[in-house]
Every structure is written in C-alpha cells, then in structure tokens.
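The structure file input_28.cif is reproduced below (mmCIF, C-alpha atoms and all ligand atoms).
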data_structure
loop_
_atom_site.label_atom_id
_atom_site.label_comp_id
_atom_site.auth_asym_id
_atom_site.auth_seq_id
_atom_site.Cartn_x
_atom_site.Cartn_y
_atom_site.Cartn_z
CA MET A 1025 2.01 -32.65 6.10
CA ASN A 1026 1.72 -29.08 7.21
CA HIS A 1027 3.39 -27.25 10.05
CA ILE A 1028 0.59 -24.91 11.03
CA ALA A 1029 0.56 -25.69 14.76
CA GLU A 1030 4.33 -25.39 14.87
CA ASN A 1031 4.29 -22.08 12.96
CA LEU A 1032 1.70 -20.72 15.34
CA ARG A 1033 3.75 -21.69 18.37
CA ASP A 1034 6.71 -19.93 16.86
CA ILE A 1035 4.76 -16.73 16.12
CA ARG A 1036 3.20 -16.75 19.57
CA THR A 1037 6.68 -16.76 21.14
CA HIS A 1038 7.36 -13.48 19.28
CA LEU A 1039 4.13 -11.82 20.42
CA PRO A 1040 3.52 -10.38 23.88
CA ALA A 1041 1.36 -12.74 25.97
CA GLN A 1042 -1.29 -10.03 26.22
CA GLY A 1043 -2.37 -6.91 24.40
CA VAL A 1044 -1.76 -8.05 20.83
CA LYS A 1045 -4.40 -10.07 19.02
CA LEU A 1046 -3.42 -12.48 16.28
CA VAL A 1047 -5.58 -12.47 13.16
CA CYS A 1048 -4.79 -15.63 11.20
CA VAL A 1049 -5.06 -14.58 7.56
CA SER A 1050 -6.49 -17.64 5.85
CA LYS A 1051 -7.26 -16.18 2.42
CA PHE A 1052 -6.62 -18.65 -0.42
CA HIS A 1053 -5.99 -21.45 2.08
CA PRO A 1054 -8.34 -24.42 2.38
CA GLN A 1055 -10.72 -25.16 5.24
CA ALA A 1056 -8.50 -27.97 6.50
CA ASP A 1057 -5.73 -25.46 7.18
CA ILE A 1058 -8.12 -23.23 9.08
CA MET A 1059 -9.21 -26.22 11.13
CA ALA A 1060 -5.58 -27.03 11.94
CA ALA A 1061 -5.13 -23.50 13.33
CA TYR A 1062 -8.49 -23.74 15.08
CA GLU A 1063 -7.45 -26.96 16.76
CA ALA A 1064 -4.25 -25.26 17.84
CA GLY A 1065 -6.48 -22.78 19.69
CA GLU A 1066 -6.86 -19.90 17.22
CA ARG A 1067 -10.29 -18.28 16.87
CA ILE A 1068 -9.72 -15.11 14.83
CA PHE A 1069 -9.44 -15.53 11.06
CA GLY A 1070 -9.08 -12.89 8.39
CA GLU A 1071 -10.30 -13.10 4.80
CA SER A 1072 -10.08 -10.59 1.99
CA ARG A 1073 -12.69 -11.75 -0.50
CA VAL A 1074 -16.40 -11.78 0.14
CA GLN A 1075 -17.26 -14.98 -1.73
CA GLU A 1076 -14.47 -16.94 -0.09
CA LEU A 1077 -15.44 -15.66 3.35
CA LEU A 1078 -19.11 -16.57 2.84
CA GLN A 1079 -18.21 -20.03 1.69
CA LYS A 1080 -15.87 -20.72 4.61
CA GLN A 1081 -18.09 -19.13 7.23
CA SER A 1082 -21.00 -21.34 6.20
CA VAL A 1083 -19.14 -24.58 6.95
CA LEU A 1084 -16.63 -23.77 9.68
CA PRO A 1085 -17.24 -23.62 13.47
CA GLU A 1086 -19.59 -20.92 14.71
CA ASP A 1087 -17.26 -19.61 17.38
CA ILE A 1088 -14.78 -18.37 14.78
CA GLU A 1089 -14.47 -14.60 14.78
CA TRP A 1090 -14.30 -13.57 11.13
CA HIS A 1091 -12.47 -10.40 10.23
CA PHE A 1092 -12.70 -8.85 6.80
CA ILE A 1093 -9.27 -7.45 5.91
CA GLY A 1094 -9.50 -6.69 2.19
CA HIS A 1095 -10.90 -3.91 0.10
CA LEU A 1096 -14.66 -4.09 0.54
CA GLN A 1097 -16.99 -2.96 -2.22
CA THR A 1098 -20.11 -1.16 -1.03
CA ASN A 1099 -22.37 -3.46 -3.03
CA LYS A 1100 -21.08 -6.51 -1.11
CA VAL A 1101 -21.34 -5.10 2.39
CA LYS A 1102 -24.70 -6.56 3.23
CA GLN A 1103 -23.55 -10.12 2.55
CA ILE A 1104 -20.98 -10.09 5.35
CA VAL A 1105 -22.54 -7.73 7.87
CA PRO A 1106 -24.74 -10.39 9.53
CA PHE A 1107 -21.78 -12.35 10.87
CA VAL A 1108 -18.54 -10.38 10.51
CA SER A 1109 -16.81 -9.39 13.78
CA LEU A 1110 -14.55 -6.63 12.51
CA ILE A 1111 -14.05 -4.86 9.19
CA HIS A 1112 -10.42 -3.70 9.04
CA GLY A 1113 -10.15 -1.76 5.82
CA VAL A 1114 -12.81 0.93 5.86
CA ASP A 1115 -11.23 3.32 3.39
CA SER A 1116 -13.92 5.88 2.61
CA PRO A 1117 -16.84 7.71 4.24
CA ARG A 1118 -19.08 6.17 1.60
CA LEU A 1119 -18.14 2.64 2.66
CA LEU A 1120 -18.69 3.44 6.33
CA MET A 1121 -22.15 4.77 5.48
CA ALA A 1122 -22.96 1.63 3.51
CA ILE A 1123 -21.90 -0.53 6.46
CA ASP A 1124 -24.09 1.52 8.79
CA LYS A 1125 -27.07 1.09 6.51
CA ALA A 1126 -26.60 -2.66 6.15
CA ALA A 1127 -26.01 -3.03 9.88
CA GLN A 1128 -29.23 -1.17 10.56
CA SER A 1129 -31.15 -3.61 8.35
CA ALA A 1130 -29.48 -6.52 10.12
CA ASN A 1131 -30.30 -4.92 13.46
CA LYS A 1132 -26.74 -4.94 14.73
CA VAL A 1133 -23.74 -2.74 15.36
CA VAL A 1134 -20.63 -3.53 13.32
CA ASP A 1135 -17.10 -2.88 14.56
CA CYS A 1136 -14.87 -1.12 12.03
CA LEU A 1137 -11.32 0.14 11.65
CA LEU A 1138 -10.52 3.10 9.42
CA GLN A 1139 -7.72 2.38 6.99
CA VAL A 1140 -4.93 4.92 6.87
CA HIS A 1141 -2.57 5.11 3.94
CA ILE A 1142 0.89 5.09 5.53
CA ALA A 1143 3.00 3.46 2.82
CA GLN A 1144 4.95 5.37 0.22
CA GLU A 1145 3.52 3.14 -2.47
CA GLU A 1146 0.75 4.64 -4.57
CA THR A 1147 -2.67 3.28 -3.72
CA LYS A 1148 -6.15 4.52 -4.10
CA PHE A 1149 -7.23 2.99 -0.79
CA GLY A 1150 -7.26 4.58 2.63
CA PHE A 1151 -7.44 7.97 4.30
CA SER A 1152 -4.38 10.15 4.67
CA SER A 1153 -3.72 11.11 8.30
CA ASP A 1154 -5.18 14.56 7.66
CA GLU A 1155 -8.22 13.19 5.89
CA LEU A 1156 -8.86 10.84 8.78
CA LEU A 1157 -8.77 13.62 11.35
CA GLU A 1158 -10.94 15.85 9.14
CA PHE A 1159 -13.44 13.06 8.65
CA LEU A 1160 -13.69 12.46 12.39
CA ALA A 1161 -14.06 16.20 13.01
CA SER A 1162 -16.86 16.43 10.43
CA GLY A 1163 -19.28 14.69 12.79
CA VAL A 1164 -20.49 12.31 10.07
CA CYS A 1165 -19.71 9.33 12.30
CA ASP A 1166 -22.02 10.60 15.02
CA GLU A 1167 -24.88 10.02 12.62
CA LEU A 1168 -23.96 6.39 12.01
CA PRO A 1169 -25.34 4.58 15.08
CA ASN A 1170 -24.84 1.10 13.63
CA VAL A 1171 -21.10 1.27 13.20
CA ARG A 1172 -18.67 1.39 16.07
CA LEU A 1173 -15.21 2.72 15.30
CA ARG A 1174 -12.67 0.57 17.07
CA GLY A 1175 -9.46 2.13 15.74
CA VAL A 1176 -7.22 2.23 12.69
CA MET A 1177 -5.53 -0.13 10.26
CA GLY A 1178 -2.56 0.32 7.97
CA MET A 1179 -0.01 -1.42 5.79
CA ALA A 1180 3.63 -0.42 5.58
CA THR A 1181 5.60 -0.18 2.35
CA PHE A 1182 6.81 -3.51 0.99
CA THR A 1183 10.54 -2.95 1.53
CA ASP A 1184 13.54 -4.32 3.43
CA ASN A 1185 14.20 -0.87 4.84
CA GLN A 1186 13.34 -1.42 8.50
CA GLU A 1187 13.68 2.23 9.41
CA GLN A 1188 11.13 3.19 6.83
CA VAL A 1189 8.69 0.50 7.92
CA SER A 1190 9.16 1.47 11.53
CA SER A 1191 8.55 5.11 10.79
CA GLU A 1192 5.36 4.29 8.87
CA PHE A 1193 4.04 2.24 11.77
CA SER A 1194 4.88 5.04 14.12
CA THR A 1195 2.92 7.45 11.90
CA LEU A 1196 -0.12 5.20 12.25
CA LYS A 1197 0.30 5.01 16.01
CA ASN A 1198 0.51 8.82 16.16
CA VAL A 1199 -2.60 9.41 14.10
CA PHE A 1200 -4.44 6.87 16.26
CA GLU A 1201 -3.36 8.71 19.43
CA GLU A 1202 -4.36 12.06 17.95
CA ALA A 1203 -7.77 10.74 16.89
CA ARG A 1204 -8.30 9.22 20.30
CA LYS A 1205 -7.34 12.40 22.09
CA ARG A 1206 -9.57 14.59 19.92
CA HIS A 1207 -12.61 12.40 19.45
CA PHE A 1208 -12.62 9.27 21.60
CA SER A 1209 -11.23 10.32 24.95
CA HIS A 1210 -14.42 9.08 26.63
CA SER A 1211 -14.69 5.88 24.61
CA ASP A 1212 -13.70 2.44 25.83
CA PHE A 1213 -13.86 1.10 22.29
CA PHE A 1214 -11.42 3.11 20.19
CA THR A 1215 -8.48 0.95 21.20
CA GLU A 1216 -7.15 -0.93 18.17
CA ILE A 1217 -4.19 -0.38 15.88
CA SER A 1218 -4.19 -3.14 13.26
CA MET A 1219 -0.71 -3.26 11.77
CA GLY A 1220 1.91 -5.91 11.06
CA MET A 1221 2.01 -8.85 8.67
CA SER A 1222 4.29 -11.90 8.32
CA ASP A 1223 7.40 -9.94 7.40
CA ASP A 1224 7.02 -6.93 9.65
CA PHE A 1225 4.88 -7.84 12.66
CA GLU A 1226 7.69 -7.56 15.18
CA LEU A 1227 8.38 -3.98 14.08
CA ALA A 1228 4.64 -3.30 14.23
CA VAL A 1229 4.41 -4.63 17.78
CA ALA A 1230 7.44 -2.56 18.79
CA ASN A 1231 5.56 0.48 17.45
CA GLY A 1232 2.34 -0.15 19.34
CA SER A 1233 0.30 -2.60 17.24
CA THR A 1234 -2.65 -4.18 19.06
CA MET A 1235 -3.58 -6.54 16.22
CA VAL A 1236 -1.31 -8.32 13.76
CA ARG A 1237 -2.61 -9.91 10.55
CA ILE A 1238 -0.45 -12.89 9.67
CA GLY A 1239 -0.96 -15.25 6.76
CA SER A 1240 2.01 -16.84 5.03
CA SER A 1241 4.09 -17.39 8.18
CA ILE A 1242 1.26 -19.55 9.52
CA PHE A 1243 -0.18 -21.24 6.45
CA GLY A 1244 2.71 -21.08 3.97
CA ALA A 1245 2.82 -19.32 0.63
CA ARG A 1246 -0.49 -18.59 -1.07
CA VAL A 1247 -1.02 -20.22 -4.45
C1 LIG B 1 -2.84 -10.95 2.86
C2 LIG B 1 -2.88 -9.89 3.88
C3 LIG B 1 -2.18 -10.03 5.09
C4 LIG B 1 -1.28 -11.21 5.41
O1 LIG B 1 -0.09 -11.13 4.70
P1 LIG B 1 1.14 -12.15 4.99
O2 LIG B 1 2.30 -11.43 4.43
O3 LIG B 1 0.81 -13.40 4.29
O4 LIG B 1 1.23 -12.31 6.46
C5 LIG B 1 -2.33 -9.03 6.03
N1 LIG B 1 -3.10 -7.95 5.80
C6 LIG B 1 -3.78 -7.78 4.67
C7 LIG B 1 -4.60 -6.56 4.47
C8 LIG B 1 -3.68 -8.73 3.66
O5 LIG B 1 -4.36 -8.55 2.51
#
How would this structure read if it were set down as structure tokens?
Ligand SMILES: *Cc1c(COP(=O)(O)O)cnc(C)c1O
Amino acid sequence: MNHIAENLRDIRTHLPAQGVKLVCVSKFHPQADIMAAYEAGERIFGESRVQELLQKQSVLPEDIEWHFIGHLQTNKVKQIVPFVSLIHGVDSPRLLMAIDKAAQSANKVVDCLLQVHIAQEETKFGFSSDELLEFLASGVCDELPNVRLRGVMGMATFTDNQEQVSSEFSTLKNVFEEARKRHFSHSDFFTEISMGMSDDFELAVANGSTMVRIGSSIFGARV
C-alpha cells in the first residue's frame, strides 16, 4: 500500500495555491506510482534518464507534461525533443544548440531552463552566475529560434545548514532577476525559477521559486 495521494495532499498544503508548479519527480519509480499521482490530479512529471523517460512516456497518458530534469547528453537530445515540455538542466551553450537543432528537425519550439551552479559542492554541470549573464549577452540565443528560454534552474548544497541553502536560493533568484532585467524585459516567457526538492522546497518557495521538483516526499525512497 502506498501513500502517494496522502503525501501529495500534505505537500500541497505547504505550497502556495498559485504561482508555484509542482514537478513530481518519478525517476526510478514504477508506472503504477505515476498513475497514483496522476489520479490524484498531478500532470507534471520529471525524469532524469532518457531511456526511462521514453519507456514511461510511451505507455502513460498523453496529457502528462514530461519534464527532463537530469543531465542531458547532446547525443540523446533528439529522442526526447518530440514530446518533452520543459528541459530543466541546460548546462552548456553546446547543449542548447543541440536542442535547437533537434527542435528544428522536429518542427517545434522547446522550452528550456538554464542551469546555474549555486551549490558549494564541486560539479562540472551548470553555468556560474557570471557565465550565464555573459552567455545571454553574447547574443548566441538570438540565433536559436527553436528554443525558448523560460528561466533558470538550480540545486542547493546538500546540507542541514538552512542559512546556506537559503542564501544559495537567493543567489539564483538574483541572477534570474538580473537576466530578466538585462535581456528579457519584453518577454512574457522568461518567468521560471526551478528550485527546491523534497528537503528544501519550503526554503526555495520562500526565496522565490516558481517550480519545485519533488520526488522522495511523494513516492518514497528511490531504490
Ligand atoms: C532526483 C531529483 C530531484 C528530486 O529529489 P528528491 O530529494 O527526491 O525530492 C529534484 N531535482 C533533480 C534535478 C533531481 O535529480
């Protein structure tokens, strides 16, 4: 017996009624669990592996909005572009260009978030705040008509230190605001700040998150 509907009700009581989207992170969890969340009214699901996403997308309801939240390899882009609703972790110009190219072939425009590296932990993924602003200033994006930048995404350091986590989220909010002011002041689309997971989503919301990505608090521990 699982408690998915109950978990979702609980999470929903900690989210504002409007303005924050819930991405149910279903990676490693079976289709039946996704269907339990679907029947509880959820429509946005996040996956982090291409093969798993393809497999689930092919058998689950068509009105599910699939978000790709993991590290995406350029050589796998074209497999998900035909149906994916939002790619959260665009962490390099090269990947954005590959998405544009695949989207062009699929004759669509793909929504993307640029991943910003806000945590203190070492990682090779994501733009620094400065790199993000430089990239936007470079004008490269203006030549990519088949991607639409919707905002930014980030992950805080895995720590109990709430002040640190809060300050990292606030850094992401600030770089988003700066990018919007400099480059998207006339856009209705650059609106999203994807931040917050099971353990830190309330801090993320307090710091301006518009999209939380929650897995284990809904579906239980991943095996
Ligand atoms: C797995 C994952 C999540 C969900 O993490 P939980 O702690 O289970 O809520 C969120 N974002 C990304 C990028 C992930 O890979």
Find the residues near ligand LIG 1 (chain B). Use a cut-off of 10 Å, count only C-alpha atoms and all ligand atoms, and write them as an MDAnalysis selection string. chainID A and resid 1047:1052 1070:1073 1092:1095 1112:1113 1139 1177:1179 1182 1218:1225 1236:1246
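Straight-line separation from atom CA of A:Ile1088 to atom CA of A:Leu1046: 12.9 Å.
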Could you list, as a list in words, every residue within 12 Å of A:Lys1125, counting only C-alpha atoms and ignoring same-chain residues fewer than 5 positions away? Thr1098, Asn1099, Val1101, Lys1102, Val1105, Arg1118, Leu1119, Leu1120, Ala1130, Asn1131, Lys1132, Val1133, Val1134, Glu1167, Leu1168, Pro1169, Asn1170 and Val1171 of chain A
File dump, residues just selected, C-alpha atoms, as a short mmCIF file (atom, residue, chain, number, x, y, z; two decimals), in the coordinates of the input:
data_model
loop_
_atom_site.label_atom_id
_atom_site.label_comp_id
_atom_site.auth_asym_id
_atom_site.auth_seq_id
_atom_site.Cartn_x
_atom_site.Cartn_y
_atom_site.Cartn_z
CA THR A 1098 -20.11 -1.16 -1.03
CA ASN A 1099 -22.37 -3.46 -3.03
CA VAL A 1101 -21.34 -5.10 2.39
CA LYS A 1102 -24.70 -6.56 3.23
CA VAL A 1105 -22.54 -7.73 7.87
CA ARG A 1118 -19.08 6.17 1.60
CA LEU A 1119 -18.14 2.64 2.66
CA LEU A 1120 -18.69 3.44 6.33
CA ALA A 1130 -29.48 -6.52 10.12
CA ASN A 1131 -30.30 -4.92 13.46
CA LYS A 1132 -26.74 -4.94 14.73
CA VAL A 1133 -23.74 -2.74 15.36
CA VAL A 1134 -20.63 -3.53 13.32
CA GLU A 1167 -24.88 10.02 12.62
CA LEU A 1168 -23.96 6.39 12.01
CA PRO A 1169 -25.34 4.58 15.08
CA ASN A 1170 -24.84 1.10 13.63
CA VAL A 1171 -21.10 1.27 13.20
#
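Computed from the coordinates, the atom CA of A:Glu1216 to atom CA of A:Thr1234 distance equals 5.6 Å.
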I need the residue nearest A:His1207 from this list: A:Phe1151, A:Trp1090, A:Phe1159, A:Phe1193. Use all atoms listed in the file for the distance. A:Phe1159
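For A:Thr1195, the set of protein, DNA and RNA residues having any atom at most 12 Å away, when counting all atoms listed in the file and skipping those fewer than 6 positions along the same chain, is A:Val1140, A:His1141, A:Ile1142, A:Ala1143, A:Ser1152, A:Ser1153, A:Asp1154, A:Val1176, A:Met1177, A:Gly1178, A:Met1179, A:Ala1180, A:Gln1188, A:Val1189, A:Glu1201, A:Glu1202, A:Ile1217, A:Met1219, A:Ala1228, A:Asn1231, A:Gly1232, A:Ser1233.
Interatomic distance, atom CA of A:Leu1138 against atom CA of A:Asp1115: 6.1 Å.
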Which residue of A:Leu1084, A:Ala1064, A:Leu1078, A:Leu1227 approaches A:Asn1185 most closely, using all atoms listed in the file: A:Leu1227
Would you mind completing stretch 1090-1112 of chain A to N, CA and C atoms and writing the output as a compact mmCIF listing (two decimals), in the frame of the given file?
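Here's the written file out12.txt:
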# COMPACT_ATOMS: atom_id res chain seq x y z
N TRP A 1090 -14.77 -13.89 12.48
CA TRP A 1090 -14.30 -13.57 11.13
C TRP A 1090 -14.01 -12.09 10.97
N HIS A 1091 -12.83 -11.79 10.52
CA HIS A 1091 -12.47 -10.40 10.23
C HIS A 1091 -12.34 -10.23 8.73
N PHE A 1092 -12.89 -9.14 8.22
CA PHE A 1092 -12.70 -8.85 6.80
C PHE A 1092 -11.54 -7.88 6.68
N ILE A 1093 -10.49 -8.27 5.94
CA ILE A 1093 -9.27 -7.45 5.91
C ILE A 1093 -8.99 -6.84 4.54
N GLY A 1094 -9.80 -7.16 3.55
CA GLY A 1094 -9.50 -6.69 2.19
C GLY A 1094 -10.20 -5.39 1.85
N HIS A 1095 -10.15 -5.07 0.58
CA HIS A 1095 -10.90 -3.91 0.10
C HIS A 1095 -12.34 -4.34 -0.11
N LEU A 1096 -13.25 -3.69 0.58
CA LEU A 1096 -14.66 -4.09 0.54
C LEU A 1096 -15.43 -3.16 -0.38
N GLN A 1097 -16.15 -3.76 -1.33
CA GLN A 1097 -16.99 -2.96 -2.22
C GLN A 1097 -18.33 -2.71 -1.56
N THR A 1098 -18.86 -1.50 -1.73
CA THR A 1098 -20.11 -1.16 -1.03
C THR A 1098 -21.24 -2.12 -1.39
N ASN A 1099 -21.26 -2.59 -2.62
CA ASN A 1099 -22.37 -3.46 -3.03
C ASN A 1099 -22.29 -4.86 -2.42
N LYS A 1100 -21.18 -5.18 -1.73
CA LYS A 1100 -21.08 -6.51 -1.11
C LYS A 1100 -21.21 -6.46 0.41
N VAL A 1101 -21.33 -5.26 0.94
CA VAL A 1101 -21.34 -5.10 2.39
C VAL A 1101 -22.40 -5.95 3.06
N LYS A 1102 -23.61 -5.93 2.49
CA LYS A 1102 -24.70 -6.56 3.23
C LYS A 1102 -24.57 -8.09 3.32
N GLN A 1103 -23.75 -8.67 2.46
CA GLN A 1103 -23.55 -10.12 2.55
C GLN A 1103 -22.73 -10.53 3.78
N ILE A 1104 -21.84 -9.68 4.22
CA ILE A 1104 -20.98 -10.09 5.35
C ILE A 1104 -21.40 -9.50 6.70
N VAL A 1105 -22.17 -8.41 6.64
CA VAL A 1105 -22.54 -7.73 7.87
C VAL A 1105 -23.22 -8.64 8.92
N PRO A 1106 -24.07 -9.58 8.51
CA PRO A 1106 -24.74 -10.39 9.53
C PRO A 1106 -23.81 -11.17 10.46
N PHE A 1107 -22.62 -11.51 10.00
CA PHE A 1107 -21.78 -12.35 10.87
C PHE A 1107 -20.37 -11.81 11.12
N VAL A 1108 -19.94 -10.79 10.39
CA VAL A 1108 -18.54 -10.38 10.51
C VAL A 1108 -18.30 -9.70 11.87
N SER A 1109 -17.13 -9.96 12.46
CA SER A 1109 -16.81 -9.39 13.78
C SER A 1109 -16.11 -8.04 13.69
N LEU A 1110 -15.28 -7.89 12.66
CA LEU A 1110 -14.55 -6.63 12.51
C LEU A 1110 -14.19 -6.43 11.04
N ILE A 1111 -14.44 -5.22 10.56
CA ILE A 1111 -14.05 -4.86 9.19
C ILE A 1111 -12.83 -3.95 9.30
N HIS A 1112 -11.67 -4.44 8.84
CA HIS A 1112 -10.42 -3.70 9.04
C HIS A 1112 -10.24 -2.53 8.08
